[in-house]
Each structure stands twice: as structure tokens, then as C-alpha cells.
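**Student:** For reference, this is final22.txt, and it has compact mmCIF, C-alpha atoms.
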```txt
# COMPACT_ATOMS: atom_id res chain seq x y z
CA MET A 1 -117.36 72.59 -90.27
CA SER A 2 -115.59 70.92 -87.34
CA LEU A 3 -116.04 67.38 -86.04
CA THR A 4 -114.72 65.65 -82.94
CA VAL A 5 -114.28 61.99 -83.83
CA LYS A 6 -113.52 58.94 -81.72
CA PHE A 7 -111.31 56.44 -83.57
CA LEU A 8 -109.21 53.34 -83.10
CA LYS A 9 -105.85 52.59 -84.71
CA TYR A 10 -105.21 49.04 -85.96
CA HIS A 11 -102.62 47.36 -88.11
CA GLY A 12 -102.15 44.05 -89.88
CA CYS A 13 -98.46 43.40 -90.57
CA GLY A 14 -97.82 47.13 -90.64
CA ASN A 15 -100.71 47.89 -93.01
CA ASP A 16 -102.35 50.44 -90.71
CA PHE A 17 -105.91 51.67 -90.42
CA ILE A 18 -108.00 54.32 -88.71
CA LEU A 19 -111.27 52.69 -87.67
CA VAL A 20 -114.45 54.71 -87.10
CA ASP A 21 -117.48 52.94 -85.58
CA GLU A 22 -120.76 54.09 -87.17
CA LEU A 23 -122.89 51.16 -86.02
CA ASP A 24 -124.95 53.42 -83.75
CA GLY A 25 -125.21 56.28 -86.21
CA GLU A 26 -123.32 58.29 -88.78
CA VAL A 27 -120.21 59.99 -87.39
CA ILE A 28 -118.75 61.43 -90.58
CA PRO A 29 -121.35 62.84 -93.03
CA GLU A 30 -121.32 60.95 -96.32
CA ASN A 31 -120.07 63.94 -98.32
CA PHE A 32 -117.08 64.28 -95.98
CA LYS A 33 -115.99 60.64 -95.66
CA GLY A 34 -113.40 60.89 -98.43
CA LEU A 35 -112.11 64.25 -97.20
CA PHE A 36 -111.84 62.88 -93.66
CA SER A 37 -109.69 60.05 -94.97
CA THR A 38 -107.48 62.42 -96.94
CA THR A 39 -107.04 64.58 -93.84
CA VAL A 40 -106.36 62.01 -91.12
CA CYS A 41 -104.29 59.53 -93.18
CA ARG A 42 -101.51 62.12 -93.65
CA ARG A 43 -98.47 60.88 -91.82
CA ARG A 44 -96.63 63.38 -89.59
CA PHE A 45 -99.48 65.89 -90.00
CA SER A 46 -102.30 63.81 -88.52
CA ILE A 47 -102.99 60.28 -87.23
CA GLY A 48 -101.45 58.59 -90.26
CA GLY A 49 -102.71 55.46 -91.94
CA ASP A 50 -103.09 53.53 -95.17
CA ASP A 51 -106.91 53.66 -95.04
CA VAL A 52 -109.92 54.68 -93.00
CA LEU A 53 -112.32 51.84 -92.17
CA TYR A 54 -115.91 52.82 -91.49
CA ILE A 55 -117.85 50.11 -89.65
CA VAL A 56 -121.52 50.58 -90.54
CA PRO A 57 -124.75 48.59 -90.10
CA SER A 58 -125.64 45.76 -92.48
CA ILE A 59 -128.86 43.85 -93.05
CA LEU A 60 -126.87 40.90 -94.44
CA ALA A 61 -124.12 40.49 -91.84
CA ASP A 62 -122.93 41.52 -88.38
CA ALA A 63 -121.63 44.75 -89.89
CA SER A 64 -120.44 46.30 -93.12
CA MET A 65 -116.95 47.68 -93.79
CA ARG A 66 -116.32 50.65 -96.05
CA VAL A 67 -112.72 51.43 -97.04
CA PHE A 68 -111.57 54.95 -97.92
CA GLU A 69 -108.09 55.58 -99.28
CA PRO A 70 -105.76 58.50 -98.49
CA ASP A 71 -106.68 60.03 -101.86
CA GLY A 72 -110.36 60.09 -100.82
CA SER A 73 -111.52 57.27 -103.08
CA GLU A 74 -113.49 54.26 -101.84
CA SER A 75 -112.05 50.77 -102.37
CA ASP A 76 -113.96 47.56 -102.88
CA MET A 77 -112.15 45.45 -100.30
CA CYS A 78 -109.12 45.30 -98.01
CA GLY A 79 -107.74 41.98 -96.76
CA ASN A 80 -105.75 43.29 -93.81
CA GLY A 81 -108.47 45.83 -93.09
CA ILE A 82 -111.23 43.24 -92.82
CA ARG A 83 -109.14 41.24 -90.33
CA CYS A 84 -108.78 44.40 -88.23
CA ALA A 85 -112.50 45.13 -88.55
CA GLY A 86 -113.17 41.55 -87.47
CA SER A 87 -110.89 41.91 -84.46
CA TYR A 88 -112.76 45.05 -83.43
CA LEU A 89 -116.13 43.33 -83.80
CA PHE A 90 -114.96 40.28 -81.83
CA GLU A 91 -114.36 42.60 -78.88
CA LYS A 92 -117.48 44.74 -79.37
CA LEU A 93 -119.92 41.87 -79.96
CA GLY A 94 -118.27 39.23 -77.76
CA LYS A 95 -117.88 36.78 -80.65
CA ARG A 96 -115.06 34.76 -82.20
CA LEU A 97 -116.69 34.60 -85.64
CA VAL A 98 -118.39 37.42 -87.50
CA TYR A 99 -119.69 38.09 -90.98
CA ILE A 100 -118.72 41.39 -92.57
CA GLU A 101 -120.31 42.85 -95.70
CA THR A 102 -118.04 44.50 -98.28
CA ARG A 103 -118.55 45.87 -101.77
CA VAL A 104 -117.53 42.44 -103.13
CA GLY A 105 -119.81 40.41 -100.88
CA VAL A 106 -120.06 39.06 -97.33
CA ARG A 107 -116.88 37.62 -95.83
CA LYS A 108 -116.53 35.26 -92.85
CA VAL A 109 -113.92 36.42 -90.33
CA GLU A 110 -112.84 34.16 -87.47
CA ARG A 111 -110.36 34.33 -84.60
CA VAL A 112 -107.88 31.45 -84.68
CA GLY A 113 -105.78 30.91 -81.60
CA GLU A 114 -105.32 33.95 -79.39
CA SER A 115 -103.71 36.45 -81.68
CA GLU A 116 -104.51 35.70 -85.33
CA VAL A 117 -107.55 36.26 -87.52
CA MET A 118 -108.65 34.21 -90.53
CA VAL A 119 -110.81 35.55 -93.35
CA ASP A 120 -112.43 33.68 -96.21
CA MET A 121 -111.31 35.72 -99.21
CA GLY A 122 -113.49 33.82 -101.69
CA SER A 123 -112.04 33.05 -105.10
CA VAL A 124 -109.54 34.92 -107.25
CA LYS A 125 -110.99 35.93 -110.61
CA THR A 126 -108.71 35.71 -113.63
CA ARG A 127 -111.00 36.27 -116.63
CA PHE A 128 -111.37 39.59 -118.42
CA ARG A 129 -115.11 39.69 -117.73
CA ASP A 130 -114.32 40.21 -114.04
CA LEU A 131 -111.62 42.80 -114.72
CA LYS A 132 -112.88 44.92 -117.60
CA ASP A 133 -114.17 47.67 -115.30
CA TYR A 134 -110.55 48.20 -114.25
CA VAL A 135 -108.62 47.25 -117.40
CA ASN A 136 -108.80 48.99 -120.77
CA LEU A 137 -107.50 46.23 -123.05
CA GLY A 138 -108.94 44.44 -126.07
CA PHE A 139 -109.60 40.99 -124.62
CA SER A 140 -112.71 38.82 -124.85
CA ASP A 141 -114.76 38.13 -121.72
CA GLU A 142 -113.51 34.55 -121.32
CA ASP A 143 -109.82 35.35 -121.84
CA GLU A 144 -107.64 34.74 -118.80
CA LEU A 145 -105.21 37.56 -118.09
CA ILE A 146 -102.53 35.21 -116.80
CA ASN A 147 -98.93 35.53 -117.96
CA ILE A 148 -99.62 38.11 -120.66
CA CYS A 149 -97.07 40.58 -122.05
CA LEU A 150 -97.66 44.33 -122.04
CA ASN A 151 -95.33 47.13 -123.07
CA PHE A 152 -94.75 50.13 -120.83
CA PRO A 153 -92.50 53.18 -121.33
CA VAL A 154 -89.02 52.71 -119.82
CA LEU A 155 -89.87 49.21 -118.54
CA GLY A 156 -90.43 47.81 -122.03
CA ASP A 157 -92.15 44.42 -122.38
CA VAL A 158 -93.34 43.09 -119.03
CA GLU A 159 -94.74 39.61 -118.39
CA LEU A 160 -97.54 39.96 -115.87
CA SER A 161 -100.88 38.63 -114.71
CA ILE A 162 -103.97 40.69 -113.88
CA VAL A 163 -106.46 39.24 -111.38
CA ASN A 164 -109.24 40.33 -109.04
CA SER A 165 -108.91 39.13 -105.44
CA GLY A 166 -111.45 41.61 -104.12
CA GLU A 167 -109.28 44.38 -105.53
CA PRO A 168 -107.64 44.47 -108.99
CA HIS A 169 -103.99 43.43 -108.93
CA VAL A 170 -101.06 43.11 -111.31
CA VAL A 171 -98.66 40.30 -110.35
CA ILE A 172 -95.08 40.32 -111.67
CA PHE A 173 -92.46 37.69 -110.79
CA VAL A 174 -88.89 38.88 -110.27
CA ASP A 175 -85.65 37.28 -109.10
CA ASP A 176 -85.12 39.61 -106.14
CA VAL A 177 -87.89 41.91 -104.93
CA GLU A 178 -85.59 43.97 -102.71
CA SER A 179 -83.38 45.02 -105.61
CA GLU A 180 -86.29 46.22 -107.74
CA ASN A 181 -87.42 49.85 -107.99
CA LEU A 182 -91.05 49.39 -106.91
CA SER A 183 -91.80 53.10 -107.25
CA LEU A 184 -90.89 52.92 -110.93
CA TYR A 185 -93.33 50.05 -111.46
CA GLY A 186 -95.94 52.05 -109.57
CA ASP A 187 -95.44 55.19 -111.63
CA LEU A 188 -95.46 53.37 -114.97
CA ILE A 189 -98.06 50.64 -114.33
CA SER A 190 -100.23 51.50 -111.31
CA LYS A 191 -100.70 55.10 -112.45
CA ASN A 192 -101.11 54.26 -116.16
CA ARG A 193 -104.65 55.54 -116.65
CA LEU A 194 -104.72 54.63 -120.36
CA ILE A 195 -104.67 50.93 -119.46
CA PHE A 196 -105.93 51.10 -115.88
CA PRO A 197 -108.47 53.96 -115.71
CA PHE A 198 -108.83 53.75 -111.92
CA GLY A 199 -105.25 52.74 -111.23
CA ILE A 200 -104.26 49.25 -110.15
CA ASN A 201 -102.28 47.56 -107.38
CA VAL A 202 -98.87 46.23 -108.46
CA ASN A 203 -97.18 43.28 -106.73
CA LEU A 204 -93.58 42.21 -107.25
CA VAL A 205 -93.20 38.57 -106.23
CA GLU A 206 -90.13 36.46 -105.49
CA VAL A 207 -90.61 32.71 -105.12
CA LEU A 208 -88.53 31.47 -102.18
CA GLY A 209 -89.65 27.83 -102.24
CA GLU A 210 -92.68 25.57 -102.54
CA GLU A 211 -94.23 27.05 -99.41
CA SER A 212 -93.09 30.67 -99.33
CA ILE A 213 -92.96 33.81 -101.43
CA ARG A 214 -91.83 37.38 -100.79
CA VAL A 215 -94.09 40.23 -101.95
CA ARG A 216 -93.84 44.00 -102.21
CA THR A 217 -96.96 45.95 -103.16
CA PHE A 218 -97.55 49.39 -104.61
CA GLU A 219 -101.14 50.20 -103.65
CA ARG A 220 -103.53 52.34 -105.63
CA GLY A 221 -105.25 54.97 -103.51
CA VAL A 222 -102.18 55.14 -101.27
CA TRP A 223 -100.01 55.56 -104.40
CA ASP A 224 -97.00 54.21 -102.58
CA GLU A 225 -95.57 51.01 -101.16
CA THR A 226 -97.37 49.61 -98.12
CA LEU A 227 -95.79 47.24 -95.61
CA ALA A 228 -98.40 44.56 -96.35
CA CYS A 229 -101.35 44.00 -98.67
CA GLY A 230 -103.82 41.21 -97.94
CA THR A 231 -105.58 41.12 -101.30
CA GLY A 232 -102.16 41.44 -102.96
CA SER A 233 -100.83 38.46 -101.00
CA VAL A 234 -103.83 36.38 -102.02
CA ALA A 235 -103.49 37.45 -105.67
CA SER A 236 -99.77 36.63 -105.68
CA VAL A 237 -100.26 33.15 -104.19
CA ALA A 238 -103.10 32.36 -106.58
CA VAL A 239 -101.08 33.34 -109.66
CA ALA A 240 -97.99 31.49 -108.40
CA LYS A 241 -100.12 28.37 -107.99
CA ILE A 242 -101.72 28.70 -111.44
CA LEU A 243 -98.29 29.07 -113.08
CA GLY A 244 -96.86 26.09 -111.18
CA LYS A 245 -94.29 28.18 -109.32
CA ILE A 246 -95.44 26.72 -105.98
CA SER A 247 -97.09 23.40 -105.17
CA SER A 248 -98.11 23.72 -101.53
CA GLY A 249 -101.67 24.58 -100.53
CA VAL A 250 -100.41 26.55 -97.53
CA VAL A 251 -98.07 29.43 -98.35
CA ASN A 252 -96.22 31.88 -96.13
CA VAL A 253 -96.18 35.35 -97.68
CA ILE A 254 -93.25 37.40 -96.39
CA LEU A 255 -94.00 41.12 -96.38
CA GLY A 256 -92.27 44.26 -95.22
CA GLY A 257 -94.27 44.27 -91.99
CA GLY A 258 -94.56 40.57 -91.18
CA VAL A 259 -95.89 37.27 -92.50
CA LEU A 260 -99.34 36.30 -93.73
CA LYS A 261 -100.42 32.71 -94.31
CA VAL A 262 -102.54 31.97 -97.38
CA VAL A 263 -104.42 28.68 -97.55
CA LEU A 264 -105.74 27.34 -100.85
CA ASN A 265 -108.84 25.21 -100.31
CA GLY A 266 -110.54 24.32 -103.59
CA SER A 267 -112.03 27.46 -105.11
CA SER A 268 -111.77 29.37 -101.82
CA ILE A 269 -108.71 31.08 -100.39
CA TYR A 270 -108.22 31.82 -96.71
CA MET A 271 -105.85 34.39 -95.29
CA ILE A 272 -104.50 34.22 -91.73
CA GLY A 273 -102.54 36.89 -89.93
CA PRO A 274 -102.39 39.37 -87.07
CA ALA A 275 -104.85 42.19 -86.44
CA VAL A 276 -103.50 44.44 -83.71
CA LYS A 277 -105.22 47.31 -81.90
CA VAL A 278 -102.56 49.95 -81.31
CA TYR A 279 -104.52 52.65 -79.49
CA GLU A 280 -107.79 54.58 -79.20
CA GLY A 281 -108.12 58.33 -79.49
CA VAL A 282 -110.17 61.40 -80.27
CA ILE A 283 -109.36 63.90 -83.01
CA ARG A 284 -110.86 67.24 -83.95
CA VAL A 285 -111.00 67.77 -87.70
CA ASP A 286 -111.74 71.14 -89.31
CA PHE A 287 -113.17 70.86 -92.81
CA ILE A 288 -112.53 73.96 -94.92
```
Please re-express this file's structure in C-alpha cells.
**Tutor:**
Amino acid sequence: MSLTVKFLKYHGCGNDFILVDELDGEVIPENFKGLFSTTVCRRRFSIGGDDVLYIVPSILADASMRVFEPDGSESDMCGNGIRCAGSYLFEKLGKRLVYIETRVGVRKVERVGESEVMVDMGSVKTRFRDLKDYVNLGFSDEDELINICLNFPVLGDVELSIVNSGEPHVVIFVDDVESENLSLYGDLISKNRLIFPFGINVNLVEVLGEESIRVRTFERGVWDETLACGTGSVASVAVAKILGKISSGVVNVILGGGVLKVVLNGSSIYMIGPAVKVYEGVIRVDFI
């Protein structure tokens, strides 16, 4: 089967996405959505991207966003992706504020200034009851998975926190993120299916001061480092705040592809950053 597909290319701090508009009807048949993502996300051989975003109708919001990874799996949420989806919908619907449905609920997305987009990321969940679908460990539902110690081959004992910020994340604090071998952490933690049956995102975090941190993320589904991760930035700030490593309610998160701002406001967390349309195009995909 062959399909000719119109798409748009967006990025948020270098976290790049292929966006397909299905608001007026299905473009990619459901059984081929994962395969389409696997095909077109391949860098050098196709468009290249960290995810495919399908924008589909919603009865609860202005639209719904579905996120498919390069390995063909579907994710629950994507922080940079929802800002890019919001930016697309601002232009399509002529609005500055939209509501977008995801697998973890409806999120408010708003343009702030002329070039940045803010999304209400909700709250970060720290208890095992909200993580046990992703984590195979013997904790009770009310246990908080903050600053626990787990043993991994080669790495040995690692102090880490496991939270859900729309996606499941491991947060590990280090002295210097640039000197760490992130791929090793990814291979031994993110891909450890005995503990994390569906894989997990791994964030290495360096505290730079009361108002700034540096983060590198190994993303599940991509199975590699990405230049930015929105849910990872939110998870990292939330854990840093819980552990008293930062005191400010407004934190700059320095990433490989730019800077995101994370704002802590009571139980809600807001993320602000760029959402840039790079180009539009048409691609013919042959499914074998």
C-alpha cells in the first residue's frame, strides 16, 4: 500500500516532530500509524524526527494529540510536542489559547508573547500507585519513589527518583551532566525491562543554582538522547524542588537544544518555551 501524506515539521528546543492533521478525516489508517512513524522518523533515510504527532478530533477539547515514537509505540504525552501542536492549532483555528486532549487528560495551551507557548502540565505524581503500570518493584501504593536506591549492573547502586509527569521518568542528580555517559544509563536503566517493562525515560540533572538546572534525557521510544524533553524537564524540576536542591518557583532548564522555563504554581506546573514550524511538505510512503 502507498500513501501520499501532507505533513508539517515542528521543533521545540530541537525536539523535533512530524505533524499530521487528521481533523478532517483519517490520513494514516489506524493499523499503519505506528509503521508510518517508524518509517518517516528515520533520520537521513526519510523526514527524520523524534515523534509523529497526529492531530485528531476530540469531543472534550479543540483537538486531541496522539504521539507515536520512532519504534512504533504510542506515548501518553509529550511536553514539547503539545506546545508544537498548540502552535499549529493557534494558526489553524485563529486562537491564542486552545485545549488539547491527551492520553493523560486535557491540557491548556496558550501563546505567551509572540514566540513562546505555555502549557499547563498538571501535577507530577510521585507515589507508586501512579507508577506501578511502568515500574516492577515491590512498593506499596502510597510509597513515594523519591530518592530511592536501586542496583544496576555496571552502574552499581544508583540514587534516583521515579515520577510521572505525563510520562514516566527516572531523575538522577550528577555533578556534571556533560561528563556522564548518558547512553550507558539508557542501556542499563531505560532498557531494563525487568524493572521497567515498557522502558522508561532517564534524566541526568545538574543543579546550577537556585533558578537553573541542566538536563540531558534518554527517551524511551526514541531509545537515544534527544535535544530536549518537556516532560523530563518538568519531572527534573519537580524532584529538585521536593529534595530542596532549588528554592525558586521559576526555573530555567538548560537543554541541548535551548532553554525551557518551568513554573511551579501550587500543585500545577507550567512549561514555557518555543514551538517552531520549520517547513511543510508532502511525502509518499510505501508500506510493504
**Student:** Restricting the calculation to all atoms listed in the file, which member of A:Val20, A:Leu160, A:Leu145, A:Val234 is positioned closest to Gly281 in chain A?
**Tutor:** A:Val20
**Student:** Which neighbours of Glu159 in chain A fall inside 10 Å, counting all atoms listed in the file, when residues of the same chain fewer than 5 positions from it are skipped, and could you give them as a list in words?
**Tutor:** Ile146, Asn147, Ile148, Cys149, Leu150, Asn151, Val171, Ile172 and Phe173 of chain A
**Student:** For Glu22 in chain A, please output as a ChimeraX atom specification all residues within 7 Å (counting all atoms listed in the file; exclusion window: fewer than 4 positions along the same chain).
**Tutor:** /A:26-27,54-56
**Student:** My list of candidates is A:Thr38, A:Ser115, A:Ser123, A:Ser64. Which is closest to Asp50 in chain A when distances are computed with all atoms listed in the file?
**Tutor:**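 Going through A:Thr38, A:Ser115, A:Ser123, A:Ser64 one by one, the smallest distance to Asp50 in chain A is for A:Thr38.
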**Student:** Within 10 Å of (-93.8, 48.2, -117.5), all atoms listed in the file: residues as a list in words?
**Tutor:**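 Using all atoms listed in the file, the matching residues come out as Cys149, Leu150, Asn151, Phe152, Pro153, Val154, Leu155, Gly156, Asp157, Val158, Glu159, Leu160, Ile172, Leu184, Tyr185, Gly186, Asp187, Leu188, Ile189, Ser190 and Asn192 of chain A.
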**Student:** Distance cut-off 10 Å, centre (-110.2, 45.8, -85.9) in file coordinates, counting all atoms listed in the file: which residues qualify? Return them as an mmCIF file with C-alpha atoms, in the coordinates of the input.
**Tutor:**
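Just written: point-v2.cif:
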```cif
data_model
loop_
_atom_site.group_PDB
_atom_site.id
_atom_site.type_symbol
_atom_site.label_atom_id
_atom_site.label_comp_id
_atom_site.auth_asym_id
_atom_site.auth_seq_id
_atom_site.Cartn_x
_atom_site.Cartn_y
_atom_site.Cartn_z
ATOM 1 C CA LEU A 8 -109.210 53.340 -83.100
ATOM 2 C CA LYS A 9 -105.850 52.590 -84.710
ATOM 3 C CA TYR A 10 -105.210 49.040 -85.960
ATOM 4 C CA HIS A 11 -102.620 47.360 -88.110
ATOM 5 C CA GLY A 12 -102.150 44.050 -89.880
ATOM 6 C CA PHE A 17 -105.910 51.670 -90.420
ATOM 7 C CA ILE A 18 -108.000 54.320 -88.710
ATOM 8 C CA LEU A 19 -111.270 52.690 -87.670
ATOM 9 C CA VAL A 20 -114.450 54.710 -87.100
ATOM 10 C CA LEU A 53 -112.320 51.840 -92.170
ATOM 11 C CA ILE A 55 -117.850 50.110 -89.650
ATOM 12 C CA ASN A 80 -105.750 43.290 -93.810
ATOM 13 C CA GLY A 81 -108.470 45.830 -93.090
ATOM 14 C CA ILE A 82 -111.230 43.240 -92.820
ATOM 15 C CA ARG A 83 -109.140 41.240 -90.330
ATOM 16 C CA CYS A 84 -108.780 44.400 -88.230
ATOM 17 C CA ALA A 85 -112.500 45.130 -88.550
ATOM 18 C CA GLY A 86 -113.170 41.550 -87.470
ATOM 19 C CA SER A 87 -110.890 41.910 -84.460
ATOM 20 C CA TYR A 88 -112.760 45.050 -83.430
ATOM 21 C CA LEU A 89 -116.130 43.330 -83.800
ATOM 22 C CA PHE A 90 -114.960 40.280 -81.830
ATOM 23 C CA GLU A 91 -114.360 42.600 -78.880
ATOM 24 C CA LYS A 92 -117.480 44.740 -79.370
ATOM 25 C CA ALA A 275 -104.850 42.190 -86.440
ATOM 26 C CA VAL A 276 -103.500 44.440 -83.710
ATOM 27 C CA LYS A 277 -105.220 47.310 -81.900
ATOM 28 C CA VAL A 278 -102.560 49.950 -81.310
#
```
**Student:** May I ask which of the residues A:Pro29, A:Gly14, A:Gly244, A:Gly72 is the closest one to Met1 in chain A, counting only C-alpha atoms?
**Tutor:** A:Pro29
**Student:** Could you give me, as a PyMOL selection string, the residues within 10 Å of Val124 in chain A, counting only C-alpha atoms and dropping anything in the same chain fewer than 4 positions from it?
**Tutor:** chain A and resi 130+163-168+231+234-235+237-239+267-269
**Student:** Could you give me, as a PDB file with C-alpha atoms, in the frame of the given file, the residues within 6 Å of Ile100 in chain A, counting all atoms listed in the file and dropping anything in the same chain fewer than 6 positions from it?
**Tutor:**
```pdb
ATOM      1  CA  ALA A  61    -124.120  40.490 -91.840  1.00  0.00           C
ATOM      2  CA  ASP A  62    -122.930  41.520 -88.380  1.00  0.00           C
ATOM      3  CA  ALA A  63    -121.630  44.750 -89.890  1.00  0.00           C
ATOM      4  CA  SER A  64    -120.440  46.300 -93.120  1.00  0.00           C
ATOM      5  CA  VAL A 106    -120.060  39.060 -97.330  1.00  0.00           C
ATOM      6  CA  ARG A 107    -116.880  37.620 -95.830  1.00  0.00           C
TER       7      ARG A 107
END
```
**Student:** Quick one: pull the distance between CA of Phe68 in chain A and CA of Lys125 in chain A, Å, one decimal.
**Tutor:**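 CA of Phe68 in chain A sits 22.9 Å away from CA of Lys125 in chain A.
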**Student:** Work out how far CA of Val285 in chain A is from CA of Ile28 in chain A, in Å to one decimal.
**Tutor:** 10.4 Å
**Student:** May I ask for the distance between CA of Gly25 in chain A and CA of Val40 in chain A, given in Å to one decimal place?
**Tutor:** 20.3 Å
**Student:** With all atoms listed in the file as the counted atoms, please give the residues lying no more than 10 Å from Val207 in chain A, apart from itself and same-chain residues fewer than 4 positions off, as JSON, numbers by chain.
**Tutor:** {"A": [173, 174, 175, 176, 177, 211, 212, 213, 214, 215, 236, 237, 240, 245, 246, 253]}
**Student:** Pick out the closest residue to Ser58 in chain A from this set: A:Phe45, A:Tyr99, A:Asp21, A:Ser233. Count only C-alpha atoms.
**Tutor:**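 Among the listed residues, the smallest separation from Ser58 in chain A belongs to A:Tyr99.
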**Student:** I'd like to know which of A:Val112, A:Val205, A:Val251, A:Leu260 is closest to Gly79 in chain A, using only C-alpha atoms.
**Tutor:**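 Result for the nearest residue to Gly79 in chain A: A:Leu260.
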**Student:** Rank nothing, just name the residue among A:Cys13, A:Glu74, A:Val282, A:Arg129 nearest to Lys261 in chain A, using all atoms listed in the file.
**Tutor:**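 When distances to Lys261 in chain A are compared using all atoms listed in the file, the smallest one comes from A:Cys13.
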